[in-house]
Structure formats: structure tokens, C-alpha cells
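**Student:** Input: one structure, supplied below.
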Amino acid sequence: KAIEIIMREVANLKRIGEEFSQQDSGRLSIATTHTQARYVLPEPVAQLRKRYPKVQVTLHQGSPEQVAQMLLDDTADIGLATESLSEFDELITLPCYEWQHVIVVPNHHPLATVERPTLEQLAEYPLVTYQAAFTGRRRIDQAFAQRRLTPTIALEAIDSDVIKTYVRSGLGVGIVAEMAMQGEP
């Protein structure tokens, strides 16, 4: 079974390589999460389009599980997700980069002056963060559980921009992927 998976991936890579190297045209279908589509892929996709202007790029957005399924269904050529897809034995996964979560608070919030807030301090406030299946939420929950803390989740969302908006409105302390803060003061 592993040989079949490897051979399928080799065939996919070969096909993609042939499309881009020989014809300078074709289609590239990318399955990805919102965070990757919004914060990671804009520059690489722009560079791809500049180098290969005849390549049509399609982004399919979904949860990490949906990204994996799109790859398995051959809806997408490659997938990019914040959560590990290594639990899908049929897929070959490679890490692209490492990232962390950061907290987001309004300037007037008591934690705004704390350089490195602890989980205990965070647990004192309502939190605004990702839904369970998105952007490392599992890691957030595990970190609190290891300290035997039960945070109050005021709002769950799949989109970092939505989380930041609700933090600005005073709903709670935001926990987002650090990439979502690029260009923010």
C-alpha cells in the first residue's frame, strides 16, 4: 500500500513538473486553510503567476480534514494546512515552516503591559480563538489542560481577521497564529 501511495505522489509531481516545465501553462489546484490562503500563499502565488502567467491557480479552502480529503479525491494537487495532516497514511506530508500562537488585546487591556503572559493569566479572561479543527486549536487546548486550567472561550472562529475584530470590540483576549499579525502594530 505504501508503494502505491508513493507511486501516486511521484506521478502527481511528475505531471505537475511536466505542465510547468514544458508548456509554461496548465492548472495548479491548491487545497488550503483560510489562514494559509490569507497570510502565507499570496506572495508565493503572485511569484508563480509572474513566472508562469499561463498557469491557472485554484485555491480550495477548508478545514485541515477537508484539505486532506481534497488531496485524496484528487480535487487538489497539493495541500497546505496549519494542522498536521500526518494522521492520513495515504498522504505524504512535509513541514513547511514553524509558527507560534500570539495573544491579541486592545491597548487598554491589563495584559497589554505584560511582556510574557502566563496561561494562568490568560485563563482569567474570556478568550477569542479558533474553532477546534483550525489553526492549532488543539495545541492551545492541550497547553491549558497540562496546567489543569479551564479557560472560558467567549467566541470560536475559523478566521483570524474575525477573531481580531471581536477582540477590538472588547469580547476577550485573542489567540491567533503569529502570521495573522503580520503588518499589525
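Going by the C-alpha cells order, chains are called A, B, ..., each with residues numbered from 1, while ligands are numbered from 1 in the order shown.
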When you look at Ile30 in chain A with a cut-off of 10 Å (counting only C-alpha atoms), what residues show up, excluding the ones that are within fewer than 3 positions of it in the same chain? I need them as a short mmCIF file (atom, residue, chain, number, x, y, z; two decimals) with C-alpha atoms, in the first residue's frame.
**Tutor:**
```cif
data_model
loop_
_atom_site.label_atom_id
_atom_site.label_comp_id
_atom_site.auth_asym_id
_atom_site.auth_seq_id
_atom_site.Cartn_x
_atom_site.Cartn_y
_atom_site.Cartn_z
CA ARG A 27 -3.51 24.31 -13.79
CA THR A 33 -6.99 26.53 5.15
CA ALA A 37 -4.65 31.30 1.92
CA LEU A 41 0.16 32.00 -0.01
CA VAL A 57 -4.20 28.65 -9.92
CA THR A 58 -7.23 27.49 -7.99
CA LEU A 59 -7.46 27.76 -4.20
CA HIS A 60 -9.84 25.42 -2.41
CA GLN A 61 -10.31 26.45 1.21
CA VAL A 67 -7.82 19.71 2.74
CA MET A 70 -9.46 17.10 -1.43
CA LEU A 71 -5.99 15.62 -1.89
CA THR A 75 -9.52 17.63 -6.31
CA ALA A 76 -6.22 19.32 -5.41
CA ASP A 77 -2.63 18.79 -6.50
CA ILE A 78 -1.06 19.97 -3.24
CA GLY A 79 -2.36 20.87 0.19
CA LEU A 80 -1.27 23.32 2.84
#
```
**Student:** Please provide as a PyMOL selection string all residues within 12 Å of Asp159 in chain A, with the sequence filter that same-chain residues fewer than 2 positions apart are discarded (counting only C-alpha atoms).
**Tutor:** chain A and resi 33-39+61-63+128-131+133-135+155-157+161-166+174-177+180
**Student:** Can you tell me, as a ChimeraX atom specification, which residues in range 20-84 of chain A count as helix (DSSP H, G or I) by DSSP?
**Tutor:** /A:20-23,34-40,42-51,64-72
**Student:** Which residue gives the smallest distance to His101 in chain A among A:Val114, A:Val45, A:Ile140, A:Ala68, with only C-alpha atoms counted?
**Tutor:**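 Using only C-alpha atoms, the shortest distance to His101 in chain A belongs to A:Ile140.
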**Student:** Could you tell me which of A:Met181, A:Val40, A:Leu28, A:Val173 comes closest to Gln56 in chain A if we count only C-alpha atoms?
**Tutor:**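 Nearest to Gln56 in chain A: A:Leu28.
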**Student:** Can you pull out every residue within 8 Å of range 150-152 of chain A, counting only C-alpha atoms, but drop anything in the same chain fewer than 3 positions away, and send it as a list in words?
**Tutor:**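 Returned residues: Leu122, Ala123, Glu124, Tyr125, Pro126, Leu127, Phe144 and Ala145 of chain A.
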**Student:** Just N, CA, C and O atoms for this one: save the residues we selected as a PDB file, in the first residue's frame.
**Tutor:**
```pdb
ATOM      1  N   LEU A 122      -3.857  34.264  31.296  1.00  0.00           N
ATOM      2  CA  LEU A 122      -4.806  34.215  30.183  1.00  0.00           C
ATOM      3  C   LEU A 122      -6.139  33.602  30.608  1.00  0.00           C
ATOM      4  O   LEU A 122      -7.205  34.049  30.175  1.00  0.00           O
ATOM      5  N   ALA A 123      -6.079  32.590  31.457  1.00  0.00           N
ATOM      6  CA  ALA A 123      -7.297  31.893  31.886  1.00  0.00           C
ATOM      7  C   ALA A 123      -8.212  32.780  32.721  1.00  0.00           C
ATOM      8  O   ALA A 123      -9.379  32.452  32.914  1.00  0.00           O
ATOM      9  N   GLU A 124      -7.718  33.912  33.178  1.00  0.00           N
ATOM     10  CA  GLU A 124      -8.546  34.845  33.958  1.00  0.00           C
ATOM     11  C   GLU A 124      -9.508  35.636  33.080  1.00  0.00           C
ATOM     12  O   GLU A 124     -10.414  36.288  33.592  1.00  0.00           O
ATOM     13  N   TYR A 125      -9.304  35.604  31.766  1.00  0.00           N
ATOM     14  CA  TYR A 125     -10.100  36.411  30.839  1.00  0.00           C
ATOM     15  C   TYR A 125     -10.807  35.515  29.830  1.00  0.00           C
ATOM     16  O   TYR A 125     -10.327  34.429  29.511  1.00  0.00           O
ATOM     17  N   PRO A 126     -11.947  35.986  29.307  1.00  0.00           N
ATOM     18  CA  PRO A 126     -12.583  35.238  28.218  1.00  0.00           C
ATOM     19  C   PRO A 126     -11.661  35.248  26.995  1.00  0.00           C
ATOM     20  O   PRO A 126     -10.980  36.244  26.735  1.00  0.00           O
ATOM     21  N   LEU A 127     -11.634  34.144  26.266  1.00  0.00           N
ATOM     22  CA  LEU A 127     -10.754  34.018  25.112  1.00  0.00           C
ATOM     23  C   LEU A 127     -11.552  34.004  23.812  1.00  0.00           C
ATOM     24  O   LEU A 127     -12.675  33.487  23.750  1.00  0.00           O
ATOM     25  N   PHE A 144      -3.471  24.443  28.014  1.00  0.00           N
ATOM     26  CA  PHE A 144      -4.266  24.747  29.203  1.00  0.00           C
ATOM     27  C   PHE A 144      -4.519  23.487  30.023  1.00  0.00           C
ATOM     28  O   PHE A 144      -4.427  23.500  31.252  1.00  0.00           O
ATOM     29  N   ALA A 145      -4.824  22.388  29.363  1.00  0.00           N
ATOM     30  CA  ALA A 145      -5.105  21.134  30.066  1.00  0.00           C
ATOM     31  C   ALA A 145      -3.888  20.653  30.857  1.00  0.00           C
ATOM     32  O   ALA A 145      -4.031  20.149  31.980  1.00  0.00           O
TER      33      ALA A 145
END
```
**Student:** Just to confirm, what's the straight-line distance from CA of Ile158 in chain A to CA of Glu43 in chain A in Å (one decimal)?
**Tutor:**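 Here the two named atoms are 21.7 Å from each other.
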**Student:** Record the distance separating CA of Arg147 in chain A and CA of His109 in chain A, expressed in Å with one decimal.
**Tutor:** 23.6 Å
